[in-house]
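run_24.cif follows (mmCIF, C-alpha atoms and all ligand atoms):
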```cif
data_target
loop_
_atom_site.label_atom_id
_atom_site.label_comp_id
_atom_site.auth_asym_id
_atom_site.auth_seq_id
_atom_site.Cartn_x
_atom_site.Cartn_y
_atom_site.Cartn_z
CA MET P 1084 0.00 0.00 0.00
CA LEU P 1085 1.22 3.49 -0.84
CA SER P 1086 2.31 5.87 1.87
CA VAL P 1087 0.67 9.28 2.04
CA GLU P 1088 3.93 10.87 0.85
CA GLU P 1089 4.22 8.52 -2.15
CA ALA P 1090 0.60 9.13 -3.12
CA LEU P 1091 1.02 12.89 -2.84
CA GLU P 1092 4.20 12.77 -4.92
CA GLN P 1093 2.37 10.88 -7.67
CA ILE P 1094 -0.46 13.38 -7.60
CA LEU P 1095 1.79 16.45 -7.67
CA SER P 1096 3.89 14.98 -10.49
CA ARG P 1097 0.77 14.83 -12.65
CA VAL P 1098 -0.88 18.19 -12.07
CA ARG P 1099 -0.09 21.08 -14.38
CA ARG P 1100 0.12 24.80 -13.87
CA LEU P 1101 -2.95 26.73 -14.93
CA PRO P 1102 -2.69 29.72 -17.25
CA THR P 1103 -2.43 33.18 -15.74
CA GLU P 1104 -4.66 36.24 -15.96
CA ARG P 1105 -4.44 39.93 -15.18
CA VAL P 1106 -6.77 41.23 -12.46
CA VAL P 1107 -7.29 44.56 -10.71
CA LEU P 1108 -5.34 44.94 -7.52
CA LEU P 1109 -7.96 44.10 -4.90
CA ALA P 1110 -9.27 41.17 -6.93
CA ALA P 1111 -5.82 39.65 -6.42
CA LEU P 1112 -6.37 39.17 -2.69
CA GLY P 1113 -6.05 35.46 -1.90
CA ARG P 1114 -4.70 34.72 -5.38
CA VAL P 1115 -1.25 33.45 -6.34
CA LEU P 1116 1.14 35.90 -7.97
CA ALA P 1117 2.27 34.75 -11.40
CA GLU P 1118 4.97 37.34 -12.17
CA PRO P 1119 8.09 38.61 -10.44
CA VAL P 1120 7.45 42.11 -9.15
CA ARG P 1121 10.41 44.49 -9.30
CA SER P 1122 10.25 47.92 -7.83
CA THR P 1123 10.20 50.88 -10.18
CA ARG P 1124 10.12 53.25 -7.23
CA VAL P 1125 12.14 54.26 -4.20
CA ILE P 1126 10.08 54.11 -0.98
CA PRO P 1127 10.25 56.47 0.79
CA PRO P 1128 11.39 58.65 -2.12
CA TRP P 1129 13.40 61.03 0.08
CA PRO P 1130 14.60 61.15 3.68
CA ASN P 1131 11.75 62.26 5.91
CA SER P 1132 10.93 62.86 9.53
CA SER P 1133 9.48 60.14 11.74
CA MET P 1134 8.48 62.66 14.42
CA ASP P 1135 7.01 66.11 14.90
CA GLY P 1136 9.98 68.28 15.93
CA TYR P 1137 12.88 70.25 14.48
CA ALA P 1138 15.15 69.40 11.58
CA VAL P 1139 18.75 70.23 12.55
CA ARG P 1140 22.40 69.64 11.71
CA ALA P 1141 23.53 66.97 14.20
CA ARG P 1142 26.89 68.68 14.65
CA ASP P 1143 25.13 71.82 15.98
CA THR P 1144 23.41 69.90 18.76
CA ARG P 1145 24.48 69.60 22.38
CA PRO P 1146 22.69 70.07 25.71
CA GLY P 1147 21.74 73.73 26.07
CA ALA P 1148 22.42 74.69 22.43
CA THR P 1149 20.03 77.34 21.12
CA LEU P 1150 19.08 77.29 17.43
CA ALA P 1151 17.18 79.83 15.32
CA VAL P 1152 13.93 78.44 13.84
CA ILE P 1153 13.97 79.54 10.19
CA GLY P 1154 10.67 78.10 8.93
CA ARG P 1155 8.49 75.02 8.83
CA VAL P 1156 7.91 72.07 6.55
CA VAL P 1157 4.80 69.85 6.68
CA ALA P 1158 4.02 66.54 4.96
CA GLY P 1159 3.19 67.15 1.31
CA THR P 1160 5.45 70.18 0.89
CA LEU P 1161 9.14 70.83 0.28
CA ALA P 1162 11.21 73.08 2.55
CA GLU P 1163 11.65 76.56 1.06
CA ARG P 1164 15.29 76.78 2.08
CA ALA P 1165 18.14 74.76 3.53
CA VAL P 1166 19.09 74.52 7.19
CA GLY P 1167 22.41 76.23 7.86
CA ALA P 1168 24.78 76.41 10.83
CA GLY P 1169 22.99 77.26 14.09
CA GLU P 1170 19.59 76.85 12.46
CA ALA P 1171 16.59 74.54 12.87
CA MET P 1172 13.39 74.09 10.89
CA ARG P 1173 10.04 73.07 12.35
CA ILE P 1174 9.13 69.72 10.77
CA PHE P 1175 6.20 67.31 10.96
CA THR P 1176 5.98 63.54 10.56
CA GLY P 1177 6.35 62.44 6.95
CA ALA P 1178 7.70 65.79 5.72
CA PRO P 1179 10.84 65.70 3.53
CA LEU P 1180 13.99 66.56 5.45
CA PRO P 1181 15.25 70.01 4.34
CA ASP P 1182 18.66 70.22 2.65
CA GLY P 1183 21.44 70.75 5.13
CA ALA P 1184 19.64 68.95 7.96
CA ASP P 1185 20.66 65.43 8.93
CA ALA P 1186 18.68 64.79 12.13
CA VAL P 1187 15.37 65.55 13.79
CA VAL P 1188 14.94 66.53 17.43
CA PRO P 1189 11.45 65.57 18.70
CA GLN P 1190 9.42 68.56 19.91
CA GLU P 1191 9.21 67.04 23.41
CA ASP P 1192 13.03 67.28 23.70
CA VAL P 1193 13.28 71.08 23.21
CA ASP P 1194 12.21 74.25 24.97
CA ALA P 1195 10.70 76.52 22.33
CA ALA P 1196 10.52 80.28 22.84
CA GLY P 1197 9.47 82.53 19.96
CA THR P 1198 11.73 81.84 16.99
CA GLN P 1199 14.29 79.94 19.04
CA VAL P 1200 14.59 76.43 20.44
CA THR P 1201 16.93 75.25 23.17
CA LEU P 1202 17.96 71.60 23.02
CA ARG P 1203 18.15 69.34 26.06
CA ALA P 1204 20.46 66.76 24.51
CA ALA P 1205 22.70 66.15 21.53
CA ALA P 1206 21.18 64.40 18.49
CA GLU P 1207 22.97 61.77 16.46
CA THR P 1208 23.20 61.97 12.70
CA GLY P 1209 20.12 60.28 11.24
CA ALA P 1210 18.08 60.51 14.46
CA TYR P 1211 14.33 60.29 13.69
CA VAL P 1212 15.05 60.39 9.98
CA ARG P 1213 13.64 57.66 7.74
CA PRO P 1214 16.21 57.34 4.95
CA ALA P 1215 15.21 57.24 1.29
CA GLY P 1216 14.67 53.66 0.14
CA GLU P 1217 14.54 52.19 3.64
CA ASP P 1218 11.48 50.20 2.57
CA VAL P 1219 12.01 49.57 -1.15
CA ARG P 1220 14.92 50.44 -3.44
CA HIS P 1221 14.68 50.85 -7.19
CA GLY P 1222 15.00 47.45 -8.90
CA ASP P 1223 14.41 45.36 -5.77
CA LEU P 1224 12.66 42.03 -6.39
CA VAL P 1225 9.90 42.66 -3.87
CA LEU P 1226 7.53 39.76 -4.63
CA GLU P 1227 8.31 36.43 -6.23
CA PRO P 1228 5.98 34.37 -8.41
CA GLY P 1229 4.13 31.77 -6.33
CA THR P 1230 3.45 34.18 -3.48
CA LEU P 1231 -0.02 34.08 -1.96
CA LEU P 1232 -1.26 37.67 -2.05
CA GLY P 1233 -2.47 38.89 1.33
CA ALA P 1234 -3.17 42.36 2.70
CA ALA P 1235 0.52 43.28 3.08
CA GLU P 1236 1.35 42.25 -0.48
CA ILE P 1237 -1.64 44.23 -1.80
CA GLY P 1238 -0.39 47.31 0.08
CA LEU P 1239 3.11 46.88 -1.28
CA LEU P 1240 1.81 46.55 -4.85
CA ALA P 1241 -0.21 49.75 -4.37
CA THR P 1242 2.93 51.49 -3.14
CA LEU P 1243 4.60 50.49 -6.40
CA GLY P 1244 1.74 51.93 -8.42
CA ARG P 1245 0.46 48.57 -9.60
CA ASN P 1246 -3.28 48.70 -10.14
CA GLN P 1247 -3.26 45.40 -12.03
CA VAL P 1248 -1.34 42.23 -11.35
CA GLU P 1249 -0.78 38.89 -13.06
CA VAL P 1250 -2.12 35.93 -11.06
CA SER P 1251 -2.83 32.26 -11.73
CA ARG P 1252 -6.29 31.46 -12.93
CA ARG P 1253 -8.49 29.87 -10.27
CA PRO P 1254 -8.97 26.14 -10.80
CA ARG P 1255 -12.56 25.11 -11.50
CA VAL P 1256 -13.38 22.14 -9.31
CA ALA P 1257 -16.48 20.06 -10.03
CA VAL P 1258 -17.80 18.23 -6.97
CA LEU P 1259 -19.98 15.15 -7.23
CA SER P 1260 -21.57 13.20 -4.39
CA THR P 1261 -22.57 9.61 -4.99
CA GLY P 1262 -24.89 7.41 -2.97
CA SER P 1263 -28.52 6.33 -3.33
CA GLU P 1264 -29.09 7.18 0.33
CA LEU P 1265 -28.37 10.90 -0.11
CA ALA P 1266 -30.98 13.64 0.12
CA ASP P 1267 -29.58 16.91 -1.15
CA LEU P 1268 -29.92 20.29 0.49
CA GLY P 1269 -33.47 21.54 0.01
CA THR P 1270 -35.17 18.17 0.33
CA GLU P 1271 -36.16 16.60 3.64
CA PRO P 1272 -34.41 13.18 3.99
CA GLY P 1273 -36.86 10.28 3.50
CA PRO P 1274 -37.05 7.28 5.86
CA ALA P 1275 -33.84 5.61 4.63
CA GLN P 1276 -31.98 8.73 3.57
CA ILE P 1277 -29.22 10.86 5.06
CA PRO P 1278 -28.48 14.49 4.25
CA ASN P 1279 -25.72 15.22 1.73
CA ALA P 1280 -22.87 16.86 3.62
CA ASN P 1281 -19.89 16.15 1.38
CA THR P 1282 -20.89 18.25 -1.61
CA TYR P 1283 -20.82 21.32 0.58
CA SER P 1284 -17.81 20.60 2.76
CA LEU P 1285 -15.75 19.68 -0.32
CA MET P 1286 -16.93 22.69 -2.34
CA ALA P 1287 -16.05 24.88 0.63
CA GLN P 1288 -12.61 23.29 0.95
CA ALA P 1289 -12.04 23.86 -2.77
CA MET P 1290 -13.03 27.51 -2.39
CA GLU P 1291 -10.75 27.90 0.63
CA ALA P 1292 -7.94 26.58 -1.58
CA GLY P 1293 -8.60 29.36 -4.12
CA ALA P 1294 -10.80 27.36 -6.51
CA ILE P 1295 -14.16 28.00 -8.11
CA ALA P 1296 -16.42 25.16 -7.02
CA ILE P 1297 -19.05 23.67 -9.34
CA ASN P 1298 -21.85 21.57 -7.89
CA LEU P 1299 -22.52 18.39 -9.88
CA GLY P 1300 -25.20 17.32 -7.44
CA VAL P 1301 -25.89 13.79 -6.25
CA ALA P 1302 -25.76 10.61 -8.32
CA PRO P 1303 -27.40 7.39 -7.12
CA ASP P 1304 -25.27 4.23 -7.03
CA ARG P 1305 -25.61 3.36 -10.72
CA VAL P 1306 -22.71 3.41 -13.17
CA ASP P 1307 -24.73 5.20 -15.86
CA ALA P 1308 -25.98 7.88 -13.45
CA ILE P 1309 -22.48 8.51 -12.08
CA GLY P 1310 -21.05 8.55 -15.61
CA GLU P 1311 -23.61 11.09 -16.74
CA ARG P 1312 -22.57 13.48 -13.93
CA ILE P 1313 -18.92 12.91 -14.65
CA ARG P 1314 -19.52 14.01 -18.25
CA ARG P 1315 -21.29 17.12 -17.01
CA GLY P 1316 -18.15 18.02 -15.10
CA ARG P 1317 -15.82 17.85 -18.07
CA GLU P 1318 -15.51 21.63 -18.38
CA ALA P 1319 -13.86 21.74 -14.96
CA ASP P 1320 -10.11 21.57 -14.35
CA VAL P 1321 -10.52 19.02 -11.56
CA LEU P 1322 -13.21 16.51 -10.69
CA VAL P 1323 -13.75 15.47 -7.07
CA SER P 1324 -16.29 12.81 -6.15
CA SER P 1325 -17.10 11.29 -2.80
CA ALA P 1326 -18.20 7.81 -1.74
CA GLY P 1327 -18.47 4.60 -3.73
CA VAL P 1328 -14.72 3.98 -3.99
CA SER P 1329 -14.41 1.06 -1.59
CA VAL P 1330 -14.81 -2.63 -2.48
CA GLY P 1331 -18.55 -3.08 -1.94
CA ASP P 1332 -20.97 -4.13 -4.70
CA LEU P 1333 -22.26 -0.57 -4.88
CA ASP P 1334 -18.85 1.07 -5.06
CA LEU P 1335 -19.09 2.06 -8.68
CA VAL P 1336 -17.15 5.32 -8.98
CA ARG P 1337 -13.97 3.67 -10.27
CA GLU P 1338 -15.92 1.72 -12.87
CA ALA P 1339 -17.80 4.86 -13.96
CA LEU P 1340 -14.54 6.80 -14.21
CA VAL P 1341 -12.91 4.12 -16.34
CA GLN P 1342 -15.99 3.91 -18.58
CA ALA P 1343 -15.82 7.68 -19.02
CA GLY P 1344 -12.25 7.24 -20.27
CA ALA P 1345 -10.25 7.94 -17.12
CA GLU P 1346 -6.90 6.35 -16.40
CA LEU P 1347 -6.62 5.51 -12.70
CA HIS P 1348 -3.20 5.88 -11.09
CA LEU P 1349 -3.74 4.92 -7.48
CA TRP P 1350 -6.35 3.57 -5.14
CA LYS P 1351 -5.37 2.65 -1.60
CA VAL P 1352 -3.25 4.80 0.67
CA ASN P 1353 -1.93 3.77 4.06
CA MET P 1354 -3.85 6.16 6.28
CA ARG P 1355 -6.80 6.45 8.57
CA PRO P 1356 -9.31 7.89 8.11
CA GLY P 1357 -9.74 7.30 4.42
CA LYS P 1358 -7.81 4.37 2.97
CA PRO P 1359 -9.73 4.11 -0.31
CA ILE P 1360 -8.90 7.12 -2.42
CA THR P 1361 -8.76 7.10 -6.18
CA PHE P 1362 -6.66 9.43 -8.25
CA GLY P 1363 -6.63 9.40 -12.01
CA SER P 1364 -6.63 11.49 -15.17
CA LEU P 1365 -9.61 12.15 -17.39
CA ALA P 1366 -8.86 14.05 -20.59
CA ASN P 1367 -5.60 15.23 -19.00
CA ARG P 1368 -7.38 16.56 -15.94
CA PRO P 1369 -6.97 15.23 -12.43
CA VAL P 1370 -9.88 13.28 -10.95
CA PHE P 1371 -10.18 12.32 -7.31
CA GLY P 1372 -12.53 9.71 -5.90
CA LEU P 1373 -12.63 10.40 -2.18
CA PRO P 1374 -14.21 8.15 0.44
CA GLY P 1375 -17.79 8.82 1.52
CA ASN P 1376 -17.58 9.24 5.24
CA PRO P 1377 -17.72 12.98 5.83
CA VAL P 1378 -14.51 13.15 7.87
CA SER P 1379 -12.62 10.81 5.52
CA ALA P 1380 -13.71 12.94 2.58
CA MET P 1381 -12.50 16.13 4.24
CA VAL P 1382 -9.20 14.68 5.48
CA THR P 1383 -8.31 13.13 2.12
CA PHE P 1384 -9.23 16.41 0.40
CA GLU P 1385 -6.94 18.18 2.82
CA LEU P 1386 -3.99 15.82 2.29
CA PHE P 1387 -4.27 15.26 -1.48
CA VAL P 1388 -6.66 17.59 -3.30
CA ARG P 1389 -5.67 20.84 -1.60
CA PRO P 1390 -1.95 20.49 -2.41
CA ALA P 1391 -2.89 19.68 -6.02
CA LEU P 1392 -5.06 22.81 -6.27
CA LEU P 1393 -2.29 24.96 -4.81
CA ALA P 1394 0.29 23.45 -7.17
CA MET P 1395 -2.00 24.16 -10.14
CA GLN P 1396 -2.05 27.79 -9.03
CA GLY P 1397 1.73 27.82 -8.78
CA ARG P 1398 1.88 28.25 -5.02
CA ARG P 1399 5.40 27.87 -3.67
CA ALA P 1400 4.25 26.08 -0.54
CA THR P 1401 1.59 23.43 -1.09
CA SER P 1402 1.58 21.91 2.39
CA ARG P 1403 0.17 23.21 5.65
CA PRO P 1404 2.48 24.18 8.48
CA ARG P 1405 3.24 21.50 11.07
CA LEU P 1406 4.10 22.06 14.69
CA ARG P 1407 5.24 19.94 17.61
CA ALA P 1408 2.66 20.02 20.35
CA VAL P 1409 2.39 18.35 23.75
CA ALA P 1410 -0.27 15.65 24.02
CA ALA P 1411 -2.86 16.73 26.60
CA GLY P 1412 -3.85 13.10 27.14
CA GLU P 1413 -2.95 9.74 25.67
CA ILE P 1414 -3.16 9.62 21.88
CA VAL P 1415 -3.37 6.07 20.60
CA ASN P 1416 -3.32 4.82 17.03
CA ARG P 1417 -4.06 1.10 16.93
CA GLY P 1418 -3.74 -0.90 13.76
CA SER P 1419 -1.48 -0.89 10.77
CA ARG P 1420 -2.36 2.42 9.15
CA ARG P 1421 -0.95 5.84 9.86
CA GLY P 1422 -3.44 7.91 11.81
CA TYR P 1423 -4.49 11.50 11.16
CA LEU P 1424 -6.30 12.24 14.39
CA ARG P 1425 -8.37 15.32 14.95
CA VAL P 1426 -7.06 17.54 17.73
CA SER P 1427 -7.78 20.97 19.11
CA LEU P 1428 -4.78 23.13 19.99
CA HIS P 1429 -4.44 25.26 23.12
CA ALA P 1430 -1.65 27.68 24.06
CA ARG P 1431 -0.03 26.69 27.39
CA ASP P 1432 3.22 28.03 28.82
CA ALA P 1433 4.66 28.99 25.44
CA ARG P 1434 3.80 25.58 23.96
CA TRP P 1435 0.84 24.11 22.14
CA LEU P 1436 -1.21 21.48 23.85
CA ALA P 1437 -2.98 19.01 21.52
CA ARG P 1438 -6.23 17.49 22.75
CA LEU P 1439 -8.15 14.78 20.85
CA THR P 1440 -11.55 16.02 19.75
CA GLY P 1441 -13.14 12.88 21.21
CA ASP P 1442 -14.49 9.96 19.21
CA GLN P 1443 -12.44 9.67 16.02
CA GLY P 1444 -15.23 7.96 14.06
CA SER P 1445 -15.01 8.96 10.41
CA GLY P 1446 -18.69 9.90 10.30
CA ILE P 1447 -18.45 12.46 13.09
CA LEU P 1448 -18.37 15.75 11.23
CA ARG P 1449 -18.70 17.76 14.42
CA SER P 1450 -15.21 16.62 15.41
CA MET P 1451 -13.92 18.49 12.35
CA VAL P 1452 -15.67 21.61 13.60
CA ILE P 1453 -13.69 21.39 16.84
CA ALA P 1454 -10.40 20.36 15.22
CA ASP P 1455 -7.59 22.86 14.73
CA GLY P 1456 -5.32 20.24 13.29
CA LEU P 1457 -4.51 16.63 12.55
CA ALA P 1458 -2.10 14.75 14.81
CA VAL P 1459 0.10 12.48 12.70
CA VAL P 1460 0.55 9.19 14.56
CA GLU P 1461 2.42 6.18 13.16
CA PRO P 1462 0.77 2.72 13.19
CA ASP P 1463 0.52 0.87 16.52
CA THR P 1464 1.74 3.87 18.44
CA LYS P 1465 0.77 5.23 21.81
CA ILE P 1466 1.74 8.80 22.63
CA GLY P 1467 1.55 9.38 26.38
CA ALA P 1468 0.18 12.52 28.00
CA GLY P 1469 2.97 15.12 28.08
CA GLU P 1470 4.85 13.61 25.15
CA ASP P 1471 5.48 15.39 21.87
CA VAL P 1472 3.13 14.92 18.95
CA GLU P 1473 3.34 16.30 15.42
CA VAL P 1474 0.28 18.25 14.29
CA ILE P 1475 -0.69 19.52 10.84
CA VAL P 1476 -2.28 22.92 11.45
CA LEU P 1477 -5.55 23.28 9.56
CA ARG P 1478 -6.61 26.77 10.50
CA ASP P 1479 -5.71 30.07 12.14
CA LEU P 1480 -4.98 29.51 15.79
CA SER P 1481 -6.43 31.92 18.29
CA LEU P 1482 -4.81 32.04 21.68
P1 LIG P 1501 -19.37 4.78 0.91
O1 LIG P 1501 -17.97 5.21 0.66
O2 LIG P 1501 -20.25 4.95 -0.27
O3 LIG P 1501 -19.41 3.39 1.47
O4 LIG P 1501 -19.93 5.75 2.02
C1 LIG P 1501 -19.41 5.70 3.32
C2 LIG P 1501 -20.35 6.38 4.28
O5 LIG P 1501 -20.41 7.77 3.99
C3 LIG P 1501 -21.78 5.91 4.23
O6 LIG P 1501 -22.27 5.84 5.55
C4 LIG P 1501 -22.48 6.96 3.44
O7 LIG P 1501 -23.84 7.05 3.74
C5 LIG P 1501 -21.74 8.21 3.87
N1 LIG P 1501 -21.80 9.24 2.85
C6 LIG P 1501 -21.52 9.05 1.55
N2 LIG P 1501 -21.66 10.19 0.85
C7 LIG P 1501 -22.06 11.13 1.73
C8 LIG P 1501 -22.39 12.49 1.61
N3 LIG P 1501 -22.34 13.13 0.43
N4 LIG P 1501 -22.75 13.17 2.73
C9 LIG P 1501 -22.81 12.52 3.92
N5 LIG P 1501 -22.49 11.25 4.09
C10 LIG P 1501 -22.15 10.53 3.02
MG MG P 1502 -22.05 4.33 -0.84
#
```
So, in terms of structure tokens, how does the structure I just supplied come out?
Ligand code: AMP
Ligand code: MG
Amino acid sequence: MLSVEEALEQILSRVRRLPTERVVLLAALGRVLAEPVRSTRVIPPWPNSSMDGYAVRARDTRPGATLAVIGRVVAGTLAERAVGAGEAMRIFTGAPLPDGADAVVPQEDVDAAGTQVTLRAAAETGAYVRPAGEDVRHGDLVLEPGTLLGAAEIGLLATLGRNQVEVSRRPRVAVLSTGSELADLGTEPGPAQIPNANTYSLMAQAMEAGAIAINLGVAPDRVDAIGERIRRGREADVLVSSAGVSVGDLDLVREALVQAGAELHLWKVNMRPGKPITFGSLANRPVFGLPGNPVSAMVTFELFVRPALLAMQGRRATSRPRLRAVAAGEIVNRGSRRGYLRVSLHARDARWLARLTGDQGSGILRSMVIADGLAVVEPDTKIGAGEDVEVIVLRDLSL
């Protein structure tokens, strides 16, 4: 049986980069940059004051020195003259430093009287001066392709005058749920039916990974019905189905995929939850057949589909961060498969404490609601309370 790493390697080796597109700056939030961004500007463009105070020549300053105030310069204007020996100019935060001056004395460090100021201390050259180019120099490579664009990157691009930016196209992900027992959202489940959860959790996971999700609805457990939905999804870049990939008589997704012309590359992966997972190619596009249990579907999406979607968008990092936490109680993984156990994370004494979310049944979707991460536990392993455990972090951690 394949390890998770081997399966992921196979998947990533087969996905291809999507084309890029140009979007307006704010539409690039959450997208992946597809061009190197070099600075065509110097930021700040000139040395300026970081305080309200007096622009001076550092060599004129010492405790008790009195300087003549020769004018003022505010943000958005240039000084009308230079600062000479024995002189100071009133200056405000963000205003360009006048010629001749090389330091700023904050207003709280002087005694001002009329057109004179008396200093209480000497100032060093460069004090309270933000030098030209301290943020960005001309020609700097400020953002590399593959960068996820967040608020800081958007601000930096605005600073460089970029109102459009080249990003990877969003992958279109078609999501299909299979199972004759499923009642879709909007219909009340009949006596032998259960509500369809996977369509929505998987579409949401796809969207969180930067994709556009397409709902292919629910197909009953019949090869022709599944095949018909698969064909409907052929405009998408990726097809993700759930359920019907095990070895039961009604596990028909693999057969339907093959009949639709897919080539299947892998099936079983050594992990729990979610051993049966199918990955293949259909008309050169990746197809994933995920298991049906709601937690197994989400965990296998997380471990295999999400990295593929990020790779298609050209993201530099396709895996989630991992951290070493301390087990709050015993964490046991019986059996021969590697466990991905749901845990919540709690900040304690500068360390993270990992606590199992309770019953690890693969149908318990509420445990995913509580989970901050997945503890990775090797087969037949018992991690005692207080011992280290490796956790894949699934979401923002709040202290
Ligand atoms: P299967 O892989 O078809 O054997 O399904 C495994 C389990 O997951 C069964 O209990 C199914 O009823 C359940 N299941 C399958 N698809 C969904 C779905 N879309 N939403 C919620 N549960 C599902
Ligand atoms: Mg089924």
Exercise. Separation of atom CA of Val1341 of chain P and atom N2 of ligand LIG 1501 (chain P), in Å?
Worked result: 20.2 Å
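Using all atoms listed in the file, the smallest distance between any of P:Ala1171, P:Leu1224, P:Leu1109, P:Val1370 and Ile1237 of chain P comes from P:Leu1109.
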For this session: Fewer than 5 positions away in the same chain doesn't count, so skip those; otherwise give me all residues within 7 Å of Ile1466 of chain P, counting only C-alpha atoms, as a ChimeraX atom specification.
Result: /P:1413-1415
Exercise. What lies within 12 Å of Thr1401 of chain P using all atoms listed in the file, ignoring chain neighbours under 6 positions off, as a ChimeraX atom specification?
Worked result: /P:1091-1092,1095,1115,1229-1231,1292,1385-1395
Output the selection as a tab-separated table (two decimals), in the frame of the given file - C-alpha atoms for each residue.
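again.tsv, freshly written:
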```tsv
chain	number	residue	atom	x	y	z
P	1091	LEU	CA	1.02	12.89	-2.84
P	1092	GLU	CA	4.20	12.77	-4.92
P	1095	LEU	CA	1.79	16.45	-7.67
P	1115	VAL	CA	-1.25	33.45	-6.34
P	1229	GLY	CA	4.13	31.77	-6.33
P	1230	THR	CA	3.45	34.18	-3.48
P	1231	LEU	CA	-0.02	34.08	-1.96
P	1292	ALA	CA	-7.94	26.58	-1.58
P	1385	GLU	CA	-6.94	18.18	2.82
P	1386	LEU	CA	-3.99	15.82	2.29
P	1387	PHE	CA	-4.27	15.26	-1.48
P	1388	VAL	CA	-6.66	17.59	-3.30
P	1389	ARG	CA	-5.67	20.84	-1.60
P	1390	PRO	CA	-1.95	20.49	-2.41
P	1391	ALA	CA	-2.89	19.68	-6.02
P	1392	LEU	CA	-5.06	22.81	-6.27
P	1393	LEU	CA	-2.29	24.96	-4.81
P	1394	ALA	CA	0.29	23.45	-7.17
P	1395	MET	CA	-2.00	24.16	-10.14
```
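Between Asp1223 of chain P and the candidates P:Gly1469, P:Gly1344, P:Pro1119, P:Gly1331, the tightest atom-to-atom separation, counting all atoms listed in the file, involves P:Pro1119.
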Problem set entry | Cut-off 10 Å, all atoms listed in the file, neighbours of ligand MG 1502 (chain P) as number ranges by chain | P: 1260-1265, 1303-1304, 1325-1329, 1331-1336, 1374-1376
